[in-house]
file entry05.tsv (TSV, N, CA and C atoms)
chain	number	residue	atom	x	y	z
A	1	GLN	N	-1.70	-4.81	18.90
A	1	GLN	CA	-2.70	-4.46	17.90
A	1	GLN	C	-2.23	-3.22	17.14
A	2	VAL	N	-2.23	-3.33	15.82
A	2	VAL	CA	-1.79	-2.25	14.95
A	2	VAL	C	-3.00	-1.62	14.28
A	3	GLN	N	-3.04	-0.32	14.31
A	3	GLN	CA	-4.08	0.42	13.57
A	3	GLN	C	-3.41	1.13	12.39
A	4	LEU	N	-4.05	1.04	11.23
A	4	LEU	CA	-3.50	1.61	10.01
A	4	LEU	C	-4.50	2.60	9.42
A	5	VAL	N	-4.01	3.76	9.03
A	5	VAL	CA	-4.86	4.78	8.42
A	5	VAL	C	-4.20	5.26	7.13
A	6	GLU	N	-4.89	5.05	6.02
A	6	GLU	CA	-4.37	5.50	4.73
A	6	GLU	C	-4.85	6.92	4.43
A	7	SER	N	-4.08	7.63	3.64
A	7	SER	CA	-4.47	8.95	3.17
A	7	SER	C	-3.76	9.24	1.86
A	8	GLY	N	-4.18	10.30	1.19
A	8	GLY	CA	-3.51	10.73	-0.02
A	8	GLY	C	-4.23	10.40	-1.31
A	9	GLY	N	-5.32	9.67	-1.21
A	9	GLY	CA	-6.08	9.35	-2.41
A	9	GLY	C	-6.80	10.58	-2.95
A	10	GLY	N	-7.38	10.41	-4.15
A	10	GLY	CA	-8.12	11.51	-4.74
A	10	GLY	C	-8.33	11.30	-6.21
A	11	LEU	N	-8.75	12.38	-6.87
A	11	LEU	CA	-8.98	12.36	-8.30
A	11	LEU	C	-7.78	12.97	-9.01
A	12	VAL	N	-7.28	12.26	-10.00
A	12	VAL	CA	-6.12	12.73	-10.74
A	12	VAL	C	-6.32	12.41	-12.22
A	13	GLN	N	-5.75	13.24	-13.07
A	13	GLN	CA	-5.86	13.00	-14.51
A	13	GLN	C	-4.89	11.93	-14.96
A	14	PRO	N	-5.19	11.25	-16.04
A	14	PRO	CA	-4.23	10.27	-16.58
A	14	PRO	C	-2.87	10.92	-16.80
A	15	GLY	N	-1.83	10.18	-16.42
A	15	GLY	CA	-0.47	10.70	-16.50
A	15	GLY	C	-0.02	11.42	-15.25
A	16	GLY	N	-0.93	11.66	-14.34
A	16	GLY	CA	-0.60	12.38	-13.12
A	16	GLY	C	0.02	11.49	-12.05
A	17	SER	N	0.25	12.08	-10.89
A	17	SER	CA	0.91	11.39	-9.79
A	17	SER	C	0.14	11.59	-8.49
A	18	LEU	N	0.28	10.61	-7.62
A	18	LEU	CA	-0.24	10.69	-6.26
A	18	LEU	C	0.72	10.00	-5.32
A	19	ARG	N	0.71	10.45	-4.08
A	19	ARG	CA	1.50	9.78	-3.04
A	19	ARG	C	0.56	9.38	-1.92
A	20	LEU	N	0.43	8.07	-1.73
A	20	LEU	CA	-0.39	7.55	-0.65
A	20	LEU	C	0.47	7.34	0.59
A	21	SER	N	-0.15	7.55	1.74
A	21	SER	CA	0.53	7.33	3.01
A	21	SER	C	-0.28	6.36	3.85
A	22	CYS	N	0.40	5.57	4.65
A	22	CYS	CA	-0.23	4.64	5.58
A	22	CYS	C	0.43	4.85	6.94
A	23	GLN	N	-0.33	5.44	7.85
A	23	GLN	CA	0.19	5.74	9.18
A	23	GLN	C	-0.18	4.62	10.13
A	24	ALA	N	0.81	4.05	10.81
A	24	ALA	CA	0.59	2.96	11.76
A	24	ALA	C	0.67	3.48	13.18
A	25	SER	N	-0.19	2.94	14.04
A	25	SER	CA	-0.11	3.22	15.47
A	25	SER	C	-0.35	1.91	16.22
A	26	GLY	N	0.18	1.83	17.43
A	26	GLY	CA	0.08	0.61	18.20
A	26	GLY	C	1.08	-0.43	17.72
A	27	GLY	N	1.32	-1.45	18.49
A	27	GLY	CA	2.23	-2.53	18.10
A	27	GLY	C	3.66	-2.04	17.96
A	28	THR	N	4.50	-2.88	17.38
A	28	THR	CA	5.88	-2.51	17.14
A	28	THR	C	6.02	-1.99	15.71
A	29	ARG	N	7.21	-1.53	15.36
A	29	ARG	CA	7.42	-0.97	14.02
A	29	ARG	C	8.19	-1.91	13.12
A	30	THR	N	8.74	-2.96	13.68
A	30	THR	CA	9.50	-3.91	12.87
A	30	THR	C	8.85	-5.28	12.95
A	31	GLY	N	9.30	-6.17	12.07
A	31	GLY	CA	8.76	-7.52	12.07
A	31	GLY	C	7.49	-7.67	11.26
A	32	TYR	N	7.34	-6.82	10.25
A	32	TYR	CA	6.18	-6.90	9.38
A	32	TYR	C	6.59	-6.85	7.92
A	33	VAL	N	5.81	-7.49	7.09
A	33	VAL	CA	5.81	-7.19	5.67
A	33	VAL	C	4.75	-6.11	5.48
A	34	LYS	N	5.16	-5.00	4.92
A	34	LYS	CA	4.25	-3.85	4.75
A	34	LYS	C	3.89	-3.74	3.27
A	35	SER	N	2.61	-3.73	2.98
A	35	SER	CA	2.17	-3.86	1.60
A	35	SER	C	1.07	-2.87	1.27
A	36	TRP	N	0.93	-2.64	-0.01
A	36	TRP	CA	-0.21	-1.92	-0.57
A	36	TRP	C	-0.96	-2.88	-1.49
A	37	TYR	N	-2.27	-2.92	-1.33
A	37	TYR	CA	-3.17	-3.66	-2.19
A	37	TYR	C	-4.16	-2.67	-2.80
A	38	ARG	N	-4.86	-3.14	-3.81
A	38	ARG	CA	-5.93	-2.32	-4.37
A	38	ARG	C	-7.09	-3.22	-4.81
A	39	GLN	N	-8.26	-2.62	-4.83
A	39	GLN	CA	-9.44	-3.35	-5.27
A	39	GLN	C	-10.29	-2.43	-6.13
A	40	ALA	N	-10.43	-2.80	-7.39
A	40	ALA	CA	-11.26	-2.06	-8.33
A	40	ALA	C	-12.68	-2.61	-8.28
A	41	PRO	N	-13.66	-1.83	-8.68
A	41	PRO	CA	-15.05	-2.31	-8.66
A	41	PRO	C	-15.22	-3.60	-9.44
A	42	GLY	N	-15.84	-4.59	-8.82
A	42	GLY	CA	-16.10	-5.85	-9.48
A	42	GLY	C	-14.91	-6.77	-9.60
A	43	LYS	N	-13.78	-6.38	-9.01
A	43	LYS	CA	-12.58	-7.20	-9.09
A	43	LYS	C	-12.10	-7.60	-7.70
A	44	GLU	N	-11.25	-8.61	-7.66
A	44	GLU	CA	-10.68	-9.05	-6.39
A	44	GLU	C	-9.55	-8.10	-5.97
A	45	ARG	N	-9.31	-8.10	-4.67
A	45	ARG	CA	-8.20	-7.31	-4.16
A	45	ARG	C	-6.88	-7.91	-4.64
A	46	GLU	N	-5.97	-7.05	-5.07
A	46	GLU	CA	-4.70	-7.52	-5.60
A	46	GLU	C	-3.54	-6.78	-4.97
A	47	LEU	N	-2.41	-7.49	-4.89
A	47	LEU	CA	-1.20	-6.90	-4.35
A	47	LEU	C	-0.60	-5.92	-5.35
A	48	VAL	N	-0.22	-4.75	-4.87
A	48	VAL	CA	0.45	-3.75	-5.70
A	48	VAL	C	1.95	-3.75	-5.43
A	49	ALA	N	2.32	-3.70	-4.15
A	49	ALA	CA	3.73	-3.65	-3.78
A	49	ALA	C	3.88	-4.10	-2.34
A	50	SER	N	5.03	-4.70	-2.04
A	50	SER	CA	5.31	-5.11	-0.67
A	50	SER	C	6.71	-4.70	-0.30
A	51	TYR	N	6.93	-4.47	1.00
A	51	TYR	CA	8.20	-3.91	1.47
A	51	TYR	C	8.65	-4.58	2.76
A	52	THR	N	9.92	-4.99	2.77
A	52	THR	CA	10.66	-5.24	4.00
A	52	THR	C	11.99	-4.52	3.81
A	53	PRO	N	12.77	-4.31	4.85
A	53	PRO	CA	14.05	-3.62	4.66
A	53	PRO	C	14.98	-4.34	3.68
A	54	ASN	N	14.76	-5.65	3.47
A	54	ASN	CA	15.66	-6.41	2.62
A	54	ASN	C	15.08	-6.74	1.25
A	55	LYS	N	13.81	-6.53	1.08
A	55	LYS	CA	13.20	-6.96	-0.19
A	55	LYS	C	11.98	-6.11	-0.51
A	56	ILE	N	11.89	-5.72	-1.78
A	56	ILE	CA	10.73	-4.99	-2.28
A	56	ILE	C	10.20	-5.72	-3.50
A	57	ASN	N	8.90	-5.90	-3.55
A	57	ASN	CA	8.27	-6.55	-4.70
A	57	ASN	C	7.18	-5.65	-5.27
A	58	TYR	N	7.04	-5.72	-6.58
A	58	TYR	CA	5.98	-4.96	-7.26
A	58	TYR	C	5.20	-5.89	-8.17
A	59	ALA	N	3.89	-5.62	-8.26
A	59	ALA	CA	3.11	-6.27	-9.29
A	59	ALA	C	3.59	-5.78	-10.66
A	60	ASP	N	3.40	-6.59	-11.67
A	60	ASP	CA	3.84	-6.19	-13.01
A	60	ASP	C	3.23	-4.86	-13.42
A	61	SER	N	1.99	-4.64	-13.02
A	61	SER	CA	1.28	-3.41	-13.39
A	61	SER	C	1.88	-2.17	-12.73
A	62	ALA	N	2.64	-2.38	-11.66
A	62	ALA	CA	3.21	-1.27	-10.90
A	62	ALA	C	4.68	-1.01	-11.22
A	63	LYS	N	5.35	-1.97	-11.80
A	63	LYS	CA	6.79	-1.84	-12.05
A	63	LYS	C	7.09	-0.66	-12.96
A	64	GLY	N	8.06	0.14	-12.53
A	64	GLY	CA	8.48	1.28	-13.32
A	64	GLY	C	7.65	2.53	-13.10
A	65	ARG	N	6.50	2.39	-12.44
A	65	ARG	CA	5.64	3.56	-12.22
A	65	ARG	C	5.40	3.85	-10.74
A	66	PHE	N	5.37	2.80	-9.92
A	66	PHE	CA	5.08	2.96	-8.50
A	66	PHE	C	6.33	2.68	-7.68
A	67	SER	N	6.39	3.30	-6.50
A	67	SER	CA	7.52	3.08	-5.61
A	67	SER	C	7.01	3.02	-4.17
A	68	ILE	N	7.38	1.96	-3.46
A	68	ILE	CA	6.99	1.80	-2.06
A	68	ILE	C	8.19	2.11	-1.17
A	69	SER	N	7.93	2.76	-0.05
A	69	SER	CA	9.00	3.09	0.88
A	69	SER	C	8.40	3.29	2.27
A	70	GLU	N	9.28	3.44	3.25
A	70	GLU	CA	8.81	3.76	4.60
A	70	GLU	C	9.70	4.85	5.20
A	71	ASN	N	9.18	5.50	6.22
A	71	ASN	CA	10.00	6.53	6.87
A	71	ASN	C	10.98	5.89	7.84
A	72	ASN	N	11.90	6.67	8.36
A	72	ASN	CA	12.94	6.14	9.24
A	72	ASN	C	12.37	5.53	10.51
A	73	ALA	N	11.27	6.08	10.98
A	73	ALA	CA	10.68	5.56	12.21
A	73	ALA	C	9.95	4.25	11.99
A	74	GLY	N	9.69	3.92	10.73
A	74	GLY	CA	9.01	2.66	10.43
A	74	GLY	C	7.52	2.68	10.70
A	75	ASN	N	6.96	3.85	10.95
A	75	ASN	CA	5.54	3.90	11.26
A	75	ASN	C	4.70	4.48	10.13
A	76	THR	N	5.32	4.79	9.01
A	76	THR	CA	4.57	5.29	7.86
A	76	THR	C	5.11	4.63	6.60
A	77	VAL	N	4.22	4.11	5.81
A	77	VAL	CA	4.58	3.49	4.54
A	77	VAL	C	3.96	4.33	3.43
A	78	TYR	N	4.72	4.53	2.37
A	78	TYR	CA	4.28	5.37	1.28
A	78	TYR	C	4.15	4.55	-0.01
A	79	LEU	N	3.27	5.01	-0.87
A	79	LEU	CA	3.21	4.48	-2.24
A	79	LEU	C	3.19	5.67	-3.16
A	80	GLU	N	4.31	5.87	-3.83
A	80	GLU	CA	4.42	6.94	-4.82
A	80	GLU	C	3.96	6.37	-6.15
A	81	MET	N	2.96	7.01	-6.75
A	81	MET	CA	2.39	6.50	-8.00
A	81	MET	C	2.54	7.55	-9.08
A	82	ASN	N	3.18	7.19	-10.17
A	82	ASN	CA	3.42	8.09	-11.29
A	82	ASN	C	2.81	7.52	-12.57
A	83	ALA	N	2.67	8.37	-13.56
A	83	ALA	CA	2.14	7.95	-14.85
A	83	ALA	C	0.85	7.16	-14.68
A	84	LEU	N	-0.06	7.70	-13.89
A	84	LEU	CA	-1.27	6.97	-13.56
A	84	LEU	C	-2.16	6.77	-14.77
A	85	LYS	N	-2.84	5.62	-14.78
A	85	LYS	CA	-3.74	5.25	-15.87
A	85	LYS	C	-5.14	5.04	-15.31
A	86	SER	N	-6.12	5.05	-16.19
A	86	SER	CA	-7.49	4.84	-15.73
A	86	SER	C	-7.65	3.50	-15.04
A	87	GLU	N	-6.89	2.50	-15.48
A	87	GLU	CA	-7.00	1.18	-14.86
A	87	GLU	C	-6.38	1.11	-13.47
A	88	ASP	N	-5.74	2.18	-13.02
A	88	ASP	CA	-5.25	2.25	-11.65
A	88	ASP	C	-6.35	2.68	-10.68
A	89	THR	N	-7.50	3.06	-11.21
A	89	THR	CA	-8.61	3.46	-10.37
A	89	THR	C	-9.04	2.30	-9.47
A	90	ALA	N	-9.04	2.54	-8.16
A	90	ALA	CA	-9.36	1.50	-7.19
A	90	ALA	C	-9.33	2.10	-5.79
A	91	VAL	N	-9.78	1.31	-4.84
A	91	VAL	CA	-9.53	1.62	-3.44
A	91	VAL	C	-8.21	0.97	-3.07
A	92	TYR	N	-7.32	1.75	-2.49
A	92	TYR	CA	-5.99	1.26	-2.12
A	92	TYR	C	-5.94	1.04	-0.62
A	93	TYR	N	-5.45	-0.15	-0.26
A	93	TYR	CA	-5.39	-0.57	1.13
A	93	TYR	C	-3.94	-0.83	1.56
A	94	CYS	N	-3.67	-0.48	2.78
A	94	CYS	CA	-2.38	-0.78	3.40
A	94	CYS	C	-2.56	-2.03	4.26
A	95	LYS	N	-1.52	-2.87	4.29
A	95	LYS	CA	-1.56	-4.10	5.09
A	95	LYS	C	-0.21	-4.31	5.76
A	96	PHE	N	-0.26	-4.61	7.04
A	96	PHE	CA	0.93	-5.04	7.77
A	96	PHE	C	0.72	-6.49	8.17
A	97	LYS	N	1.65	-7.36	7.80
A	97	LYS	CA	1.55	-8.77	8.18
A	97	LYS	C	2.78	-9.16	8.97
A	98	MET	N	2.55	-9.76	10.14
A	98	MET	CA	3.66	-10.17	10.99
A	98	MET	C	4.49	-11.24	10.29
A	99	THR	N	5.81	-11.18	10.45
A	99	THR	CA	6.70	-12.16	9.82
A	99	THR	C	7.00	-13.34	10.73
A	100	ALA	N	6.43	-13.34	11.92
A	100	ALA	CA	6.62	-14.46	12.86
A	100	ALA	C	5.29	-14.76	13.54
A	101	PHE	N	5.24	-15.93	14.21
A	101	PHE	CA	4.02	-16.32	14.90
A	101	PHE	C	3.52	-15.17	15.77
A	102	PRO	N	2.21	-14.88	15.78
A	102	PRO	CA	1.09	-15.58	15.17
A	102	PRO	C	0.74	-15.13	13.76
A	103	TYR	N	1.62	-14.44	13.08
A	103	TYR	CA	1.43	-14.07	11.68
A	103	TYR	C	0.14	-13.26	11.45
A	104	ASP	N	-0.24	-12.46	12.44
A	104	ASP	CA	-1.44	-11.64	12.29
A	104	ASP	C	-1.26	-10.62	11.17
A	105	ALA	N	-2.38	-10.27	10.54
A	105	ALA	CA	-2.39	-9.26	9.49
A	105	ALA	C	-3.35	-8.14	9.86
A	106	TYR	N	-2.96	-6.93	9.56
A	106	TYR	CA	-3.76	-5.76	9.87
A	106	TYR	C	-3.98	-4.97	8.59
A	107	TRP	N	-5.19	-4.44	8.44
A	107	TRP	CA	-5.57	-3.68	7.25
A	107	TRP	C	-6.05	-2.29	7.63
A	108	GLY	N	-5.80	-1.35	6.75
A	108	GLY	CA	-6.41	-0.05	6.89
A	108	GLY	C	-7.78	-0.03	6.25
A	109	GLN	N	-8.43	1.12	6.30
A	109	GLN	CA	-9.80	1.25	5.81
A	109	GLN	C	-9.84	1.55	4.31
A	110	GLY	N	-8.73	1.90	3.74
A	110	GLY	CA	-8.65	2.16	2.30
A	110	GLY	C	-8.78	3.64	1.95
A	111	THR	N	-8.21	3.98	0.82
A	111	THR	CA	-8.32	5.33	0.28
A	111	THR	C	-8.60	5.23	-1.22
A	112	GLN	N	-9.55	6.01	-1.69
A	112	GLN	CA	-9.98	5.93	-3.09
A	112	GLN	C	-9.04	6.70	-4.00
A	113	VAL	N	-8.62	6.05	-5.07
A	113	VAL	CA	-7.85	6.69	-6.13
A	113	VAL	C	-8.66	6.60	-7.41
A	114	THR	N	-8.94	7.73	-8.00
A	114	THR	CA	-9.69	7.77	-9.25
A	114	THR	C	-8.85	8.50	-10.29
A	115	VAL	N	-8.59	7.81	-11.40
A	115	VAL	CA	-7.81	8.38	-12.49
A	115	VAL	C	-8.77	8.62	-13.66
A	116	SER	N	-9.03	9.88	-13.93
A	116	SER	CA	-10.01	10.22	-14.96
A	116	SER	C	-9.78	11.64	-15.46
A	117	SER	N	-10.08	11.85	-16.72
A	117	SER	CA	-9.98	13.19	-17.28
A	117	SER	C	-11.31	13.91	-17.17
call {"tool": "encode", "arguments": {"input": "entry05.tsv", "output": "structure tokens"}}
result
Amino acid sequence: QVQLVESGGGLVQPGGSLRLSCQASGGTRTGYVKSWYRQAPGKERELVASYTPNKINYADSAKGRFSISENNAGNTVYLEMNALKSEDTAVYYCKFKMTAFPYDAYWGQGTQVTVSS
């Protein structure tokens, strides 16, 4: 069982930057696709970025502005967000999904990001 705790959200002005962190405890540190999702009010949750050691994917809205990475221990995943826009305002969630059976997925509780002047 993996527990995920996000942090680093807050209020930032348009054009500003934030770095989100997702701390994992329990379970192993490898064998997961590690991702960031976000959900804006009235909208469905959407994928922002996903990470494995061999492949990184970004949503079109995140390309060129956001960067996903993990620490050497594999227990913390980061989302560096630059040039933030008002439309980036959302609750950001971390997700670990197993890459092998039983393909369980684990979610954090979310961290609020508000981009406003």
call {"tool": "atom_distance", "arguments": {"input": "entry05.tsv", "atom1": "atom CA of A:Ala49", "atom2": "atom CA of A:Ala62"}}
result
7.5 Å
call {"tool": "closest_atom_pairs", "arguments": {"input": "entry05.tsv", "of": "stretch 28-96 of chain A", "to": "stretch 6-19 of chain A", "cutoff": "7 Å", "atoms": "only C-alpha atoms", "output": "tab-separated table"}}
result
residue	atom	partner	partner_atom	distance
A:Tyr78	CA	A:Arg19	CA	6.8
A:Leu79	CA	A:Arg19	CA	5.6
A:Glu80	CA	A:Arg19	CA	4.4
A:Met81	CA	A:Leu18	CA	5.2
A:Asn82	CA	A:Ser17	CA	4.4
A:Ala83	CA	A:Gly15	CA	4.1
A:Leu84	CA	A:Gly15	CA	4.8
A:Lys85	CA	A:Pro14	CA	5.1
A:Ser86	CA	A:Pro14	CA	6.4
A:Cys94	CA	A:Glu6	CA	6.7
call {"tool": "closest_residue", "arguments": {"input": "entry05.tsv", "among": "A:Ala24, A:Ala105, A:Leu47, A:Ala90", "to": "A:Gly74", "atoms": "only N, CA and C atoms"}}
result
A:Ala24
call {"tool": "axis_aligned_box", "arguments": {"input": "entry05.tsv", "around": "stretch 81-98 of chain A", "padding_each_side": "5 Å", "output": "JSON"}}
result
{"center_x": -2.6, "center_y": -1.4, "center_z": -2.6, "size_x": 24.3, "size_y": 29.6, "size_z": 37.2}
call {"tool": "residues_around", "arguments": {"input": "entry05.tsv", "residues": "A:Val77", "least_positions_apart": "5", "cutoff": "6 Å", "atoms": "only C-alpha atoms", "output": "VMD selection string"}}
result
chain A and resid 21 to 22 69 to 70
call {"tool": "build_atoms", "arguments": {"input": "entry05.tsv", "residues": "stretch 20-41 of chain A", "atoms": "N, CA, C and O atoms", "output": "mmCIF file, in the coordinates of the input"}}
result
data_model
loop_
_atom_site.group_PDB
_atom_site.id
_atom_site.type_symbol
_atom_site.label_atom_id
_atom_site.label_comp_id
_atom_site.auth_asym_id
_atom_site.auth_seq_id
_atom_site.Cartn_x
_atom_site.Cartn_y
_atom_site.Cartn_z
ATOM 1 N N LEU A 20 0.430 8.070 -1.730
ATOM 2 C CA LEU A 20 -0.390 7.550 -0.650
ATOM 3 C C LEU A 20 0.470 7.340 0.590
ATOM 4 O O LEU A 20 1.649 6.977 0.487
ATOM 5 N N SER A 21 -0.150 7.550 1.740
ATOM 6 C CA SER A 21 0.530 7.330 3.010
ATOM 7 C C SER A 21 -0.280 6.360 3.850
ATOM 8 O O SER A 21 -1.512 6.371 3.807
ATOM 9 N N CYS A 22 0.400 5.570 4.650
ATOM 10 C CA CYS A 22 -0.230 4.640 5.580
ATOM 11 C C CYS A 22 0.430 4.850 6.940
ATOM 12 O O CYS A 22 1.601 4.511 7.120
ATOM 13 N N GLN A 23 -0.330 5.440 7.850
ATOM 14 C CA GLN A 23 0.190 5.740 9.180
ATOM 15 C C GLN A 23 -0.180 4.620 10.130
ATOM 16 O O GLN A 23 -1.362 4.267 10.258
ATOM 17 N N ALA A 24 0.810 4.050 10.810
ATOM 18 C CA ALA A 24 0.590 2.960 11.760
ATOM 19 C C ALA A 24 0.670 3.480 13.180
ATOM 20 O O ALA A 24 1.508 4.317 13.507
ATOM 21 N N SER A 25 -0.190 2.940 14.040
ATOM 22 C CA SER A 25 -0.110 3.220 15.470
ATOM 23 C C SER A 25 -0.350 1.910 16.220
ATOM 24 O O SER A 25 -0.987 0.987 15.709
ATOM 25 N N GLY A 26 0.180 1.830 17.430
ATOM 26 C CA GLY A 26 0.080 0.610 18.200
ATOM 27 C C GLY A 26 1.080 -0.430 17.720
ATOM 28 O O GLY A 26 1.625 -0.322 16.629
ATOM 29 N N GLY A 27 1.320 -1.450 18.490
ATOM 30 C CA GLY A 27 2.230 -2.530 18.100
ATOM 31 C C GLY A 27 3.660 -2.040 17.960
ATOM 32 O O GLY A 27 4.004 -0.932 18.363
ATOM 33 N N THR A 28 4.500 -2.880 17.380
ATOM 34 C CA THR A 28 5.880 -2.510 17.140
ATOM 35 C C THR A 28 6.020 -1.990 15.710
ATOM 36 O O THR A 28 5.068 -2.017 14.934
ATOM 37 N N ARG A 29 7.210 -1.530 15.360
ATOM 38 C CA ARG A 29 7.420 -0.970 14.020
ATOM 39 C C ARG A 29 8.190 -1.910 13.120
ATOM 40 O O ARG A 29 8.302 -1.669 11.918
ATOM 41 N N THR A 30 8.740 -2.960 13.680
ATOM 42 C CA THR A 30 9.500 -3.910 12.870
ATOM 43 C C THR A 30 8.850 -5.280 12.950
ATOM 44 O O THR A 30 7.974 -5.536 13.756
ATOM 45 N N GLY A 31 9.300 -6.170 12.070
ATOM 46 C CA GLY A 31 8.760 -7.520 12.070
ATOM 47 C C GLY A 31 7.490 -7.670 11.260
ATOM 48 O O GLY A 31 6.687 -8.541 11.538
ATOM 49 N N TYR A 32 7.340 -6.820 10.250
ATOM 50 C CA TYR A 32 6.180 -6.900 9.380
ATOM 51 C C TYR A 32 6.590 -6.850 7.920
ATOM 52 O O TYR A 32 7.575 -6.196 7.577
ATOM 53 N N VAL A 33 5.810 -7.490 7.090
ATOM 54 C CA VAL A 33 5.810 -7.190 5.670
ATOM 55 C C VAL A 33 4.750 -6.110 5.480
ATOM 56 O O VAL A 33 3.596 -6.304 5.872
ATOM 57 N N LYS A 34 5.160 -5.000 4.920
ATOM 58 C CA LYS A 34 4.250 -3.850 4.750
ATOM 59 C C LYS A 34 3.890 -3.740 3.270
ATOM 60 O O LYS A 34 4.791 -3.683 2.426
ATOM 61 N N SER A 35 2.610 -3.730 2.980
ATOM 62 C CA SER A 35 2.170 -3.860 1.600
ATOM 63 C C SER A 35 1.070 -2.870 1.270
ATOM 64 O O SER A 35 0.356 -2.390 2.154
ATOM 65 N N TRP A 36 0.930 -2.640 -0.010
ATOM 66 C CA TRP A 36 -0.210 -1.920 -0.570
ATOM 67 C C TRP A 36 -0.960 -2.880 -1.490
ATOM 68 O O TRP A 36 -0.346 -3.550 -2.335
ATOM 69 N N TYR A 37 -2.270 -2.920 -1.330
ATOM 70 C CA TYR A 37 -3.170 -3.660 -2.190
ATOM 71 C C TYR A 37 -4.160 -2.670 -2.800
ATOM 72 O O TYR A 37 -4.294 -1.544 -2.332
ATOM 73 N N ARG A 38 -4.860 -3.140 -3.810
ATOM 74 C CA ARG A 38 -5.930 -2.320 -4.370
ATOM 75 C C ARG A 38 -7.090 -3.220 -4.810
ATOM 76 O O ARG A 38 -6.882 -4.402 -5.122
ATOM 77 N N GLN A 39 -8.260 -2.620 -4.830
ATOM 78 C CA GLN A 39 -9.440 -3.350 -5.270
ATOM 79 C C GLN A 39 -10.290 -2.430 -6.130
ATOM 80 O O GLN A 39 -10.794 -1.404 -5.648
ATOM 81 N N ALA A 40 -10.430 -2.800 -7.390
ATOM 82 C CA ALA A 40 -11.260 -2.060 -8.330
ATOM 83 C C ALA A 40 -12.680 -2.610 -8.280
ATOM 84 O O ALA A 40 -12.885 -3.771 -7.887
ATOM 85 N N PRO A 41 -13.660 -1.830 -8.680
ATOM 86 C CA PRO A 41 -15.050 -2.310 -8.660
ATOM 87 C C PRO A 41 -15.220 -3.600 -9.440
ATOM 88 O O PRO A 41 -14.761 -3.713 -10.590
#
